[in-house]
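Enquirer: upload.txt is reproduced below (compact mmCIF, C-alpha atoms).
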# COMPACT_ATOMS: atom_id res chain seq x y z
CA MET A 26 -87.99 -125.51 -14.63
CA SER A 27 -84.62 -124.34 -15.07
CA ASN A 28 -84.81 -124.66 -18.78
CA ASN A 29 -87.91 -122.59 -18.83
CA PHE A 30 -86.23 -119.92 -16.72
CA ALA A 31 -83.27 -119.73 -18.96
CA LYS A 32 -85.39 -119.60 -21.98
CA LYS A 33 -87.44 -116.88 -20.55
CA LYS A 34 -84.40 -114.85 -19.58
CA MET A 35 -82.93 -115.17 -22.96
CA VAL A 36 -86.16 -114.02 -24.48
CA ASP A 37 -86.22 -111.02 -22.23
CA ILE A 38 -82.71 -110.12 -23.14
CA ALA A 39 -83.41 -110.50 -26.76
CA GLN A 40 -86.45 -108.39 -26.47
CA SER A 41 -84.57 -105.61 -24.59
CA ALA A 42 -81.56 -105.43 -26.93
CA PRO A 43 -83.22 -103.12 -29.48
CA LYS A 44 -84.28 -100.90 -26.71
CA LEU A 45 -80.74 -100.69 -25.45
CA ALA A 46 -79.51 -99.89 -28.89
CA GLN A 47 -82.15 -97.24 -29.29
CA LYS A 48 -81.26 -95.80 -25.90
CA LYS A 49 -77.56 -95.65 -26.79
CA GLU A 50 -78.40 -93.97 -30.00
CA GLU A 51 -80.47 -91.43 -28.19
CA GLN A 52 -77.62 -90.82 -25.71
CA THR A 53 -75.19 -90.37 -28.55
CA THR A 54 -77.48 -87.85 -30.18
CA ILE A 55 -77.74 -85.92 -26.92
CA LYS A 56 -73.95 -85.87 -26.54
CA ASP A 57 -73.57 -84.64 -30.06
CA ASP A 58 -76.13 -81.97 -29.41
CA PHE A 59 -74.20 -80.90 -26.28
CA LYS A 60 -71.00 -80.86 -28.25
CA LYS A 61 -72.62 -78.74 -30.89
CA LEU A 62 -73.98 -76.46 -28.22
CA ASP A 63 -70.58 -76.22 -26.50
CA LYS A 64 -68.93 -75.47 -29.78
CA ASN A 65 -71.44 -72.79 -30.61
CA ILE A 66 -71.06 -71.29 -27.15
CA GLY A 67 -67.28 -71.49 -27.41
CA GLU A 68 -67.21 -69.92 -30.82
CA LYS A 69 -69.52 -67.19 -29.63
CA ARG A 70 -67.39 -66.62 -26.54
CA ASP A 71 -64.19 -66.59 -28.58
CA LYS A 72 -65.79 -64.13 -30.93
CA GLU A 73 -66.87 -61.96 -28.03
CA ILE A 74 -63.35 -62.15 -26.52
CA GLU A 75 -61.89 -61.33 -29.88
CA GLN A 76 -64.25 -58.39 -30.24
CA PHE A 77 -63.42 -57.23 -26.70
CA GLU A 78 -59.71 -57.48 -27.33
CA LYS A 79 -60.10 -55.61 -30.58
CA ARG A 80 -62.10 -52.89 -28.84
CA GLU A 81 -59.44 -52.71 -26.08
CA GLU A 82 -56.69 -52.58 -28.65
CA ASP A 83 -58.47 -49.86 -30.58
CA GLN A 84 -59.04 -47.93 -27.35
CA PHE A 85 -55.36 -48.34 -26.33
CA LYS A 86 -54.25 -47.16 -29.77
CA LYS A 87 -56.59 -44.23 -29.55
CA GLU A 88 -55.31 -43.25 -26.09
CA ALA A 89 -51.69 -43.76 -27.18
CA GLU A 90 -52.32 -41.56 -30.19
CA ILE A 91 -53.84 -38.88 -27.98
CA GLU A 92 -50.83 -39.10 -25.58
CA LYS A 93 -48.44 -38.96 -28.49
CA ARG A 94 -50.20 -35.90 -29.82
CA LYS A 95 -49.96 -34.30 -26.35
CA ARG A 96 -46.25 -35.04 -26.12
CA PHE A 97 -45.69 -33.79 -29.62
CA SER A 98 -47.60 -30.59 -28.83
CA LEU A 99 -45.53 -29.97 -25.60
CA LYS A 100 -42.28 -30.68 -27.40
CA THR A 101 -43.39 -28.44 -30.22
CA TYR A 102 -44.18 -25.66 -27.75
CA ILE A 103 -40.78 -26.08 -26.00
CA LEU A 104 -38.85 -26.15 -29.26
CA SER A 105 -40.82 -23.19 -30.51
CA GLY A 106 -40.03 -21.27 -27.32
CA LEU A 107 -36.33 -22.12 -27.54
CA PHE A 108 -36.29 -21.15 -31.16
CA LEU A 109 -37.90 -17.82 -30.37
CA ILE A 110 -35.38 -17.20 -27.56
CA LEU A 111 -32.48 -18.12 -29.84
CA LEU A 112 -33.91 -15.93 -32.55
CA GLY A 113 -34.19 -13.09 -30.05
CA VAL A 114 -30.57 -13.57 -28.96
CA ILE A 115 -29.45 -13.59 -32.57
CA ILE A 116 -31.46 -10.47 -33.35
CA TYR A 117 -30.12 -8.74 -30.19
CA SER A 118 -26.56 -9.75 -31.09
CA VAL A 119 -27.00 -8.46 -34.59
CA ILE A 120 -28.45 -5.21 -33.30
CA GLU A 121 -25.99 -4.82 -30.39
CA PHE A 122 -22.75 -6.20 -31.83
CA LEU A 123 -23.04 -6.04 -35.56
CA PRO A 124 -21.66 -4.46 -37.56
CA LYS A 125 -18.36 -3.27 -36.12
CA ALA A 126 -15.36 -1.32 -37.31
CA LYS A 127 -11.90 -1.23 -35.74
CA ILE A 128 -9.42 1.43 -36.81
CA LYS A 129 -5.83 1.24 -35.60
CA ILE A 130 -3.83 4.43 -36.06
CA THR A 131 -0.06 4.77 -35.89
CA VAL A 132 0.85 8.39 -35.23
CA LYS A 133 4.03 9.86 -36.70
CA LYS A 134 6.81 10.16 -34.14
CA ILE A 135 9.87 12.41 -33.98
CA GLU A 136 13.02 11.87 -31.93
CA TRP A 137 14.24 15.06 -30.20
CA ASN A 138 17.19 15.42 -27.83
CA TYR A 139 18.07 18.19 -25.43
CA ILE A 140 21.37 18.80 -23.60
CA ASP A 141 21.50 21.96 -21.55
CA SER A 142 21.28 23.26 -17.99
CA ALA A 143 18.41 24.25 -15.73
CA ILE A 144 17.92 25.91 -12.35
CA ALA A 145 15.62 24.86 -9.52
CA ASP A 146 14.76 27.94 -7.47
CA LYS A 147 12.64 28.22 -4.33
CA ASN A 148 11.73 31.82 -5.18
CA ILE A 149 9.57 30.98 -8.23
CA ALA A 150 6.12 29.37 -8.31
CA GLN A 151 6.00 27.82 -11.80
CA PRO A 152 8.36 26.71 -14.62
CA ILE A 153 9.87 29.65 -16.53
CA LEU A 154 11.33 29.67 -20.04
CA SER A 155 12.72 33.17 -20.42
CA GLU A 156 13.34 34.99 -23.70
CA THR A 157 17.06 34.65 -23.08
CA GLY A 158 16.71 30.88 -22.90
CA LYS A 159 17.07 30.61 -19.14
CA LYS A 160 15.16 27.63 -17.83
CA GLN A 161 13.92 27.54 -14.23
CA VAL A 162 11.63 25.28 -12.22
CA PRO A 163 10.22 25.74 -8.68
CA ALA A 164 12.19 24.20 -5.80
CA GLU A 165 11.71 23.44 -2.12
CA VAL A 166 14.34 23.47 0.62
CA PHE A 167 14.07 20.80 3.31
CA SER A 168 16.18 20.92 6.48
CA ILE A 169 16.43 19.36 9.91
CA ARG A 170 18.54 20.19 12.97
CA LYS A 171 19.83 17.53 15.38
CA ASN A 172 22.37 17.16 18.18
CA PHE A 173 24.12 14.11 19.55
CA ASN A 174 26.73 13.01 22.12
CA PHE A 175 29.37 10.61 20.82
CA SER A 176 31.55 8.51 23.13
CA PHE A 177 35.05 7.36 22.21
CA ALA A 178 37.80 5.42 24.02
CA ALA A 179 40.80 7.43 25.19
CA THR A 180 44.17 5.75 24.58
CA GLY A 181 46.41 8.06 26.61
CA LYS A 182 47.43 7.36 30.23
CA LYS A 183 48.52 9.87 32.89
CA GLN A 184 48.74 10.36 36.62
CA VAL A 185 45.94 12.62 37.76
CA GLU A 186 44.39 14.01 40.86
CA LYS A 187 40.72 14.90 40.55
CA LYS A 188 38.41 16.56 42.99
CA ALA A 189 34.89 15.27 43.54
CA GLY A 190 32.06 17.63 42.76
CA GLY A 191 28.31 18.04 42.56
CA LYS A 192 25.40 20.33 43.33
CA ILE A 193 23.99 21.64 46.59
CA ILE A 194 20.88 23.65 47.49
CA ILE A 195 21.65 26.61 49.77
CA TYR A 196 18.88 27.85 52.09
CA ASN A 197 18.38 31.29 53.71
CA ALA A 198 16.31 30.92 56.87
CA TYR A 199 17.94 33.88 58.53
CA SER A 200 16.45 37.12 57.13
CA SER A 201 14.73 38.71 54.18
CA THR A 202 18.01 40.28 53.14
CA PRO A 203 19.82 38.56 50.21
CA GLN A 204 23.18 37.07 51.12
CA PRO A 205 26.09 37.08 48.63
CA LEU A 206 28.56 34.17 48.78
CA ILE A 207 31.97 34.38 47.10
CA VAL A 208 33.83 31.73 45.09
CA GLY A 209 35.48 29.33 47.52
CA THR A 210 32.87 29.67 50.25
CA ARG A 211 33.21 26.46 52.28
CA PHE A 212 30.44 23.99 53.17
CA LEU A 213 31.09 21.40 55.85
CA SER A 214 29.50 17.94 55.81
CA PRO A 215 28.67 16.04 59.07
CA ASN A 216 31.64 13.71 58.41
CA GLY A 217 34.04 16.66 58.17
CA LYS A 218 34.38 16.90 54.37
CA ILE A 219 34.78 20.43 52.98
CA PHE A 220 33.26 21.46 49.61
CA LYS A 221 33.72 24.91 48.06
CA LEU A 222 31.59 27.07 45.74
CA THR A 223 32.93 27.20 42.17
CA GLU A 224 31.19 30.50 41.38
CA ARG A 225 29.83 33.54 43.16
CA ILE A 226 26.12 33.46 44.00
CA ILE A 227 23.53 35.49 45.89
CA VAL A 228 21.18 33.59 48.16
CA PRO A 229 17.75 35.28 47.92
CA GLY A 230 16.20 36.74 51.06
CA ALA A 231 13.75 34.71 53.08
CA GLN A 232 10.05 35.58 53.13
CA ILE A 233 8.27 36.78 56.25
CA ILE A 234 4.72 35.36 56.32
CA GLU A 235 2.49 36.15 59.33
CA GLY A 236 5.59 37.00 61.33
CA LYS A 237 7.34 33.70 60.50
CA ILE A 238 10.42 33.25 58.33
CA VAL A 239 9.91 31.04 55.27
CA SER A 240 13.34 30.09 53.89
CA SER A 241 14.44 30.76 50.33
CA ASN A 242 16.98 28.67 48.36
CA ILE A 243 19.28 28.56 45.36
CA GLU A 244 21.19 25.76 43.61
CA ALA A 245 24.99 26.00 43.24
CA LYS A 246 27.97 23.92 42.08
CA VAL A 247 30.68 22.84 44.53
CA GLU A 248 33.90 20.83 44.43
CA ALA A 249 35.87 19.03 47.10
CA ASP A 250 38.54 20.87 49.07
CA GLN A 251 41.04 18.07 48.27
CA PRO A 252 41.38 15.52 45.45
CA GLY A 253 40.74 11.86 46.06
CA PRO A 254 37.98 9.25 46.21
CA GLN A 255 37.29 9.93 49.91
CA TYR A 256 35.18 12.92 48.82
CA ASN A 257 32.84 10.76 46.72
CA ILE A 258 30.16 10.89 49.40
CA GLU A 259 26.45 10.09 49.42
CA PRO A 260 23.76 12.85 49.59
CA VAL A 261 23.99 15.04 52.69
CA SER A 262 20.92 16.44 54.46
CA ARG A 263 22.71 19.42 56.01
CA PHE A 264 25.92 21.29 55.20
CA LEU A 265 26.99 24.16 57.48
CA ILE A 266 29.02 27.23 56.48
CA PRO A 267 32.15 27.43 58.69
CA GLY A 268 32.62 31.08 57.75
CA PHE A 269 29.47 32.01 59.70
CA GLN A 270 30.50 30.09 62.81
CA GLY A 271 30.24 32.28 65.93
CA THR A 272 27.50 34.43 64.37
CA SER A 273 23.70 34.20 64.26
CA LYS A 274 23.93 33.32 60.55
CA TYR A 275 25.59 29.97 61.34
CA GLN A 276 22.22 28.29 61.95
CA GLY A 277 20.28 30.48 59.51
CA PHE A 278 22.26 29.50 56.41
CA TYR A 279 22.74 25.82 55.46
CA ALA A 280 22.72 23.52 52.43
CA GLU A 281 21.83 20.00 51.33
CA SER A 282 22.77 17.70 48.43
CA LYS A 283 20.23 15.39 46.81
CA GLU A 284 22.76 13.46 44.70
CA PRO A 285 26.16 11.91 45.53
CA MET A 286 29.39 13.83 45.02
CA LYS A 287 31.38 12.21 42.20
CA GLY A 288 34.73 12.29 40.41
CA GLY A 289 37.23 12.24 43.22
CA PHE A 290 40.28 10.28 42.05
CA ILE A 291 44.04 9.95 42.51
CA GLY A 292 46.04 7.66 40.23
CA GLU A 293 46.53 6.75 36.59
CA MET A 294 43.63 7.64 34.32
CA ALA A 295 42.90 7.40 30.61
CA TYR A 296 42.85 10.64 28.68
CA PRO A 297 42.30 11.48 24.98
CA THR A 298 45.42 12.25 23.03
CA ASP A 299 45.43 14.83 20.23
CA GLU A 300 45.27 11.94 17.76
CA ASP A 301 42.28 10.45 19.66
CA ILE A 302 40.45 13.77 19.45
CA LYS A 303 41.27 14.32 15.75
CA LYS A 304 40.24 10.81 14.70
CA SER A 305 37.13 10.82 16.89
CA LYS A 306 36.00 14.19 15.50
CA ALA A 307 36.23 12.87 11.94
CA ASN A 308 34.26 9.71 12.81
CA ALA A 309 31.67 11.68 14.78
CA GLU A 310 31.14 14.16 11.95
CA LYS A 311 30.67 11.34 9.40
CA ASP A 312 28.30 9.38 11.61
CA PHE A 313 26.39 12.51 12.56
CA LYS A 314 26.04 13.54 8.89
CA ASP A 315 24.76 10.06 7.93
CA TYR A 316 22.32 10.10 10.83
CA ALA A 317 21.01 13.60 10.04
CA ASP A 318 20.80 12.91 6.28
CA SER A 319 18.90 9.65 6.86
CA TYR A 320 16.49 11.36 9.21
CA LEU A 321 15.97 14.16 6.68
CA SER A 322 15.31 11.63 3.89
CA LEU A 323 12.42 10.20 5.87
CA GLN A 324 10.83 13.66 5.99
CA MET A 325 11.18 14.47 2.28
CA PRO A 326 8.11 13.94 0.00
CA SER A 327 8.49 11.14 -2.56
CA GLU A 328 7.33 13.34 -5.46
CA PHE A 329 10.45 15.51 -5.18
CA LYS A 330 13.69 14.83 -7.05
CA PHE A 331 17.00 15.19 -5.18
CA ILE A 332 20.04 14.95 -7.47
CA SER A 333 23.69 14.55 -6.55
CA GLY A 334 24.95 17.80 -5.07
CA SER A 335 21.58 18.91 -3.73
CA ARG A 336 22.42 18.25 -0.05
CA GLN A 337 24.36 20.19 2.54
CA PHE A 338 25.42 19.39 6.10
CA ASN A 339 26.79 21.91 8.61
CA ILE A 340 28.19 21.45 12.12
CA LEU A 341 26.79 24.33 14.13
CA LYS A 342 28.41 23.48 17.46
CA GLU A 343 31.08 21.03 18.57
CA GLU A 344 32.40 20.43 22.10
CA VAL A 345 35.03 17.92 23.25
CA ASN A 346 34.89 16.81 26.89
CA VAL A 347 38.35 15.44 27.63
CA ASN A 348 37.32 14.19 31.06
CA THR A 349 36.97 10.45 30.87
CA ASP A 350 34.44 8.31 32.68
CA GLU A 351 35.09 5.20 34.73
CA LYS A 352 35.36 3.18 31.50
CA GLY A 353 38.04 5.48 30.07
CA ASN A 354 35.76 7.11 27.46
CA PHE A 355 35.57 10.79 26.54
CA THR A 356 32.67 12.50 24.72
CA ILE A 357 32.14 14.81 21.76
CA PHE A 358 28.94 16.86 21.56
CA MET A 359 27.72 17.93 18.12
CA ASP A 360 24.87 20.14 16.97
CA GLY A 361 24.26 20.17 13.21
CA GLU A 362 21.82 20.81 10.36
CA SER A 363 21.15 18.75 7.23
CA SER A 364 19.51 20.48 4.23
CA ALA A 365 18.49 19.53 0.70
CA ILE A 366 17.06 21.32 -2.34
CA GLY A 367 14.52 19.34 -4.34
CA PHE A 368 12.22 19.88 -7.30
CA GLN A 369 9.40 18.00 -8.99
CA GLU A 370 10.58 16.25 -12.15
CA THR A 371 7.16 16.77 -13.74
CA ASP A 372 7.88 20.53 -13.73
CA LEU A 373 11.16 19.95 -15.56
CA ILE A 374 9.53 17.66 -18.14
CA SER A 375 6.83 20.26 -18.73
CA LEU A 376 9.54 22.89 -19.29
CA ILE A 377 11.48 20.66 -21.70
CA GLU A 378 8.26 19.96 -23.63
CA LYS A 379 7.78 23.72 -24.08
CA VAL A 380 11.32 24.01 -25.43
CA ALA A 381 10.64 21.15 -27.85
CA GLN A 382 7.39 22.74 -29.05
CA VAL A 383 9.33 25.84 -30.07
CA ASN A 384 11.31 23.63 -32.46
CA LEU A 385 8.75 20.97 -33.46
CA GLY A 386 5.39 22.70 -33.20
CA GLU A 387 3.05 23.56 -30.37
CA ASN A 388 0.89 20.44 -30.84
CA PHE A 389 3.69 17.97 -30.19
CA LYS A 390 3.67 16.04 -26.91
CA ILE A 391 6.21 13.79 -25.23
CA LYS A 392 5.45 10.10 -25.88
CA ASN A 393 8.37 8.65 -23.86
CA TYR A 394 11.79 9.80 -22.75
CA GLN A 395 15.07 9.15 -20.96
CA LEU A 396 16.50 11.75 -18.59
CA GLU A 397 19.91 12.00 -16.93
CA TYR A 398 21.25 14.68 -14.57
CA GLY A 399 24.70 16.12 -14.00
CA VAL A 400 26.02 16.90 -10.53
CA GLY A 401 24.19 19.90 -9.13
CA ARG A 402 25.75 23.10 -7.77
CA SER A 403 23.77 24.19 -4.74
CA ASP A 404 23.55 27.72 -3.37
CA PHE A 405 21.68 27.50 -0.08
CA LYS A 406 21.98 31.25 0.47
CA LYS A 407 19.85 31.78 -2.65
CA ASP A 408 17.83 28.57 -2.12
CA GLN A 409 18.58 27.28 -5.62
CA ILE A 410 20.53 24.60 -7.45
CA SER A 411 21.77 24.53 -11.04
CA PHE A 412 22.38 21.28 -12.92
CA ALA A 413 22.98 19.80 -16.36
CA VAL A 414 20.22 17.92 -18.20
CA ASP A 415 20.59 15.20 -20.85
CA PHE A 416 17.15 14.50 -22.35
CA LYS A 417 16.31 12.01 -25.11
CA GLY A 418 12.64 11.89 -26.07
CA ILE A 419 10.11 10.67 -28.62
CA PHE A 420 7.45 13.25 -29.54
CA GLU A 421 4.18 12.87 -31.39
CA GLU A 422 1.30 15.04 -32.47
CA PRO A 423 -1.63 13.25 -30.81
CA ILE A 424 -4.96 12.52 -32.47
CA ASN A 425 -8.21 13.71 -30.92
CA ILE A 426 -9.84 10.28 -30.73
CA ASN A 427 -13.38 11.51 -30.04
CA ASP A 428 -13.26 14.05 -32.86
CA PHE A 429 -11.79 11.47 -35.26
CA LYS A 430 -14.46 8.93 -34.33
CA GLN A 431 -17.21 11.43 -35.11
CA LYS A 432 -15.69 12.12 -38.53
CA VAL A 433 -15.43 8.46 -39.60
CA LEU A 434 -19.06 7.50 -38.80
CA GLY A 435 -20.87 6.15 -41.87
CA LYS A 436 -17.79 6.43 -44.09
CA SER A 437 -17.13 3.81 -46.73
CA GLU A 438 -13.70 2.27 -46.97
CA GLN A 439 -12.72 4.61 -49.82
CA ASP A 440 -14.08 7.70 -48.05
CA LEU A 441 -12.25 6.60 -44.92
CA LYS A 442 -8.95 6.42 -46.82
CA THR A 443 -9.52 9.91 -48.19
CA LEU A 444 -10.28 11.24 -44.70
CA ILE A 445 -7.21 9.60 -43.15
CA SER A 446 -4.92 10.98 -45.87
CA SER A 447 -5.93 14.49 -44.81
CA PHE A 448 -4.22 13.99 -41.43
CA SER A 449 -0.54 14.82 -41.79
CA ASN A 450 0.34 13.32 -38.40
CA ILE A 451 -0.96 9.83 -39.24
CA GLN A 452 1.77 7.48 -40.41
CA LYS A 453 -0.19 4.27 -40.82
CA THR A 454 -3.80 3.10 -40.50
CA THR A 455 -5.30 -0.38 -40.35
CA VAL A 456 -9.09 -0.74 -40.82
CA SER A 457 -11.04 -3.92 -40.18
CA PHE A 458 -14.81 -4.49 -40.49
CA TRP A 459 -16.86 -7.25 -38.94
CA PRO A 460 -18.58 -9.32 -40.12
CA PHE A 461 -16.94 -9.73 -43.49
CA TRP A 462 -19.86 -8.36 -45.52
CA VAL A 463 -19.76 -4.96 -43.79
CA GLY A 464 -18.34 -2.32 -46.15
CA LYS A 465 -18.56 0.93 -44.17
CA VAL A 466 -18.16 2.35 -40.71
CA PRO A 467 -21.31 2.02 -38.54
CA ASN A 468 -23.16 5.16 -37.52
CA ASN A 469 -23.28 3.97 -33.90
CA LEU A 470 -20.36 5.26 -31.84
CA LYS A 471 -20.47 2.16 -29.64
CA ARG A 472 -19.59 -0.03 -32.62
CA VAL A 473 -16.53 1.92 -33.63
CA VAL A 474 -13.20 1.22 -31.90
CA ILE A 475 -10.29 3.59 -32.42
CA GLU A 476 -6.81 2.65 -31.21
CA ALA A 477 -3.87 5.03 -31.47
CA GLU A 478 -0.23 4.24 -30.83
Starting from the file, give its structure as structure tokens.

Expert:
Amino acid sequence: MSNNFAKKKMVDIAQSAPKLAQKKEEQTTIKDDFKKLDKNIGEKRDKEIEQFEKREEDQFKKEAEIEKRKRFSLKTYILSGLFLILLGVIIYSVIEFLPKAKIKITVKKIEWNYIDSAIADKNIAQPILSETGKKQVPAEVFSIRKNFNFSFAATGKKQVEKKAGGKIIIYNAYSSTPQPLIVGTRFLSPNGKIFKLTERIIVPGAQIIEGKIVSSNIEAKVEADQPGPQYNIEPVSRFLIPGFQGTSKYQGFYAESKEPMKGGFIGEMAYPTDEDIKKSKANAEKDFKDYADSYLSLQMPSEFKFISGSRQFNILKEEVNVNTDEKGNFTIFMDGESSAIGFQETDLISLIEKVAQVNLGENFKIKNYQLEYGVGRSDFKKDQISFAVDFKGIFEEPININDFKQKVLGKSEQDLKTLISSFSNIQKTTVSFWPFWVGKVPNNLKRVVIEAE
């Protein structure tokens, strides 16, 4: 049985082997077909991808070209605009600044000196050059008056007795009748000190208002009856007049002092010797002159010229008080006047220029100069000062620049030389054109520069 089974199985296997081979062959064919299909699909897909990429690349190139053209157009517009602006600037510069001509003229100069005298006079109003050759310019007189008290130490010593003194106010409360009081009339203080009038006075009469007496008063100087410091008393509210004692006037006339009595002294005191007074006067006069002159200088206008010898100082009043104070000093009072005569130098220069024009020609003007003065001789009674003048100057005949500029417009270099040679007062001329190709003077005044020296 088993042999039969095996035999049968082997037969079955043998019978199925071709079928298996056929089946494998069929499977292989199917796989090949799938491979072919996959390949075809892949090739088609690759071709489609390649076509897509090519289209994308073409589109990108197209867009890049368009962008490039846009950028090129904007840059072209910008460069074109800048070029037009630059061209406009160049054209404007050419029109505004080109061409140009610069002409430098050196005018002939003449040296002329003048040594003579002149007079500054307050009584004239303008410079005068007379036919006789007298030269005068206007002047002004400036003056100032001042007074001052100077104090100096006294070196002398002496034994002295001095009476105190001061001022009192005398009242009339007695009647409307004026009351004369003689020199030496005595006034008694409450502490028994006697002071006497130093000059005669008349006390005015009192006023009667609505039946009542309203006192009148007068101020007077008094001195102590005796020398000595005991009379240096404080202000007194009521002095009586001993001479009226026993009469009705004794209570009707009285006096008061509002300031202390001073100066009472007995002993050695400083006093100014003759040498003190002489030396102090000299110092006071010098200091006073310097003070007055300095004060006057501050008042004088800066445009005026004041030469040596143009000032004057006068002492109008001088008083020496030999009485010394508690420090041993005496005083000198001075009243004085400082004066000066001045003139404006421009007036003198104008006058000298007129003198020069008589010799050189009326068109000549002063270019520069040096001027020195001699010591002046003042006459304050005539309000004038005369002085020597030493003048050294350079003169030239000036060119009318505007007229010359009008004449050179449009001239060629040769015509310009001919024109310049016709001016006798031109010593040298330098002409320059710009730019280099320009050969004549422009017709535009703004493009022509004239310099004269």

Enquirer: As a PyMOL selection string, please: the residues near Asn384 (chain A) (cut-off 12 Å, only C-alpha atoms, same-chain neighbours under 4 positions excluded).

Expert: chain A and resi 135-139+377-380+388-389+420

Enquirer: Go through A:Leu104, A:Val347, A:Ala231, A:Met359 one by one, measure the shortest atom-to-atom distance of each to Phe173 (chain A) using only C-alpha atoms, and give the residue with the smallest value.

Expert: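 Closest to Phe173 (chain A), using only C-alpha atoms: A:Met359.
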
Enquirer: Name the closest residue to Leu222 (chain A) among the candidates A:Asp440, A:Asp250, A:Asp404, A:Glu397; distances are taken between atoms, counting only C-alpha atoms.

Expert: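 Result for the nearest residue to Leu222 (chain A): A:Asp250.
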
Enquirer: Between CA of Asp372 (chain A) and CA of Pro163 (chain A), what is the spacing in Å?

Expert: 7.6 Å

Enquirer: How many Å lie between CA of Ile419 (chain A) and CA of Ile391 (chain A), rounded to one decimal?

Expert: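 About the pair CA of Ile419 (chain A) and CA of Ile391 (chain A): they are 6.0 Å apart.
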
Enquirer: Do you know which residues are at most 8 Å from Gln452 (chain A) counting all atoms listed in the file, after dropping those on the same chain fewer than 4 positions away, and could you put them as a count of residues only?

Expert: 4

Enquirer: With distances taken over only C-alpha atoms, which residue among A:Leu444, A:Ile238, A:Ile207, A:Val166 lies nearest Thr223 (chain A)?

Expert: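 Nearest candidate to Thr223 (chain A) out of A:Leu444, A:Ile238, A:Ile207, A:Val166: A:Ile207.
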
Enquirer: I'd like the interatomic distance between CA of Arg336 (chain A) and CA of Phe412 (chain A), to a tenth of an Å.

Expert: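 Computing it gives 13.2 Å between the two atoms.
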
Enquirer: Which residue, A:Tyr398, A:Phe212, A:Phe220, A:Tyr256, has the smallest gap to Ser333 (chain A) when you use all atoms listed in the file?

Expert: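 Ranked by minimum distance to Ser333 (chain A), first place goes to A:Tyr398.
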
Enquirer: Write out as a list in words which residues come within 9 Å of Ile153 (chain A) when counting only C-alpha atoms, dropping same-chain ones fewer than 5 positions away.

Expert: Lys159, Lys160, Gln161, Val162, Pro163 and Leu376 of chain A

Enquirer: Let me make sure I understand: among A:Lys79, A:Lys183, A:Lys87, A:Lys127, which one has the smallest atom-to-atom distance to Tyr296 (chain A) if we use all atoms listed in the file?

Expert: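 That would be A:Lys183, the residue with the smallest distance to Tyr296 (chain A).
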
Enquirer: I want to know what sits within 7 Å of Ser363 (chain A), based on only C-alpha atoms, with residues of the same chain fewer than 4 positions away left out; could you give that as a PyMOL selection string?

Expert: chain A and resi 168-170+317-318+321+337-339

Enquirer: Just the selected residues (C-alpha atoms), exported as a PDB file, in the frame of the given file, please.

Expert:
ATOM      1  CA  SER A 168      16.180  20.920   6.480  1.00  0.00           C
ATOM      2  CA  ILE A 169      16.430  19.360   9.910  1.00  0.00           C
ATOM      3  CA  ARG A 170      18.540  20.190  12.970  1.00  0.00           C
ATOM      4  CA  ALA A 317      21.010  13.600  10.040  1.00  0.00           C
ATOM      5  CA  ASP A 318      20.800  12.910   6.280  1.00  0.00           C
ATOM      6  CA  LEU A 321      15.970  14.160   6.680  1.00  0.00           C
ATOM      7  CA  GLN A 337      24.360  20.190   2.540  1.00  0.00           C
ATOM      8  CA  PHE A 338      25.420  19.390   6.100  1.00  0.00           C
ATOM      9  CA  ASN A 339      26.790  21.910   8.610  1.00  0.00           C
TER      10      ASN A 339
END

Enquirer: Pick the closest to Ile426 (chain A) from A:Val414, A:Leu265, A:Val463, A:Ala477: which is it, counting only C-alpha atoms?

Expert: A:Ala477

Enquirer: Set the distance at 10 Å and use only C-alpha atoms: which residues neighbour Glu351 (chain A) once local chain neighbours fewer than 5 positions away are removed? I'd like the list as a list of chain:residue names.

Expert: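 Neighbouring residues, sequence-local ones excluded: A:Gly288, A:Met294, A:Ala295.
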
Enquirer: Take the residues that were just selected and, keeping C-alpha atoms, output them as a tab-separated table (two decimals), in the coordinates of the input.

Expert:
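Result file is part-v1.tsv:
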chain	number	residue	atom	x	y	z
A	288	GLY	CA	34.73	12.29	40.41
A	294	MET	CA	43.63	7.64	34.32
A	295	ALA	CA	42.90	7.40	30.61

Enquirer: Show me the residues close to (12.0, 14.6, -1.6) - anything with an atom within 10 Å, counting only C-alpha atoms - and format the list as a PDB file with C-alpha atoms, in the frame of the given file.

Expert:
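Output file point.pdb is given in full below:
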ATOM      1  CA  GLU A 165      11.710  23.440  -2.120  1.00  0.00           C
ATOM      2  CA  VAL A 166      14.340  23.470   0.620  1.00  0.00           C
ATOM      3  CA  PHE A 167      14.070  20.800   3.310  1.00  0.00           C
ATOM      4  CA  LEU A 321      15.970  14.160   6.680  1.00  0.00           C
ATOM      5  CA  SER A 322      15.310  11.630   3.890  1.00  0.00           C
ATOM      6  CA  LEU A 323      12.420  10.200   5.870  1.00  0.00           C
ATOM      7  CA  GLN A 324      10.830  13.660   5.990  1.00  0.00           C
ATOM      8  CA  MET A 325      11.180  14.470   2.280  1.00  0.00           C
ATOM      9  CA  PRO A 326       8.110  13.940   0.000  1.00  0.00           C
ATOM     10  CA  SER A 327       8.490  11.140  -2.560  1.00  0.00           C
ATOM     11  CA  GLU A 328       7.330  13.340  -5.460  1.00  0.00           C
ATOM     12  CA  PHE A 329      10.450  15.510  -5.180  1.00  0.00           C
ATOM     13  CA  LYS A 330      13.690  14.830  -7.050  1.00  0.00           C
ATOM     14  CA  PHE A 331      17.000  15.190  -5.180  1.00  0.00           C
ATOM     15  CA  ILE A 332      20.040  14.950  -7.470  1.00  0.00           C
ATOM     16  CA  ALA A 365      18.490  19.530   0.700  1.00  0.00           C
ATOM     17  CA  ILE A 366      17.060  21.320  -2.340  1.00  0.00           C
ATOM     18  CA  GLY A 367      14.520  19.340  -4.340  1.00  0.00           C
ATOM     19  CA  PHE A 368      12.220  19.880  -7.300  1.00  0.00           C
ATOM     20  CA  GLN A 369       9.400  18.000  -8.990  1.00  0.00           C
TER      21      GLN A 369
END
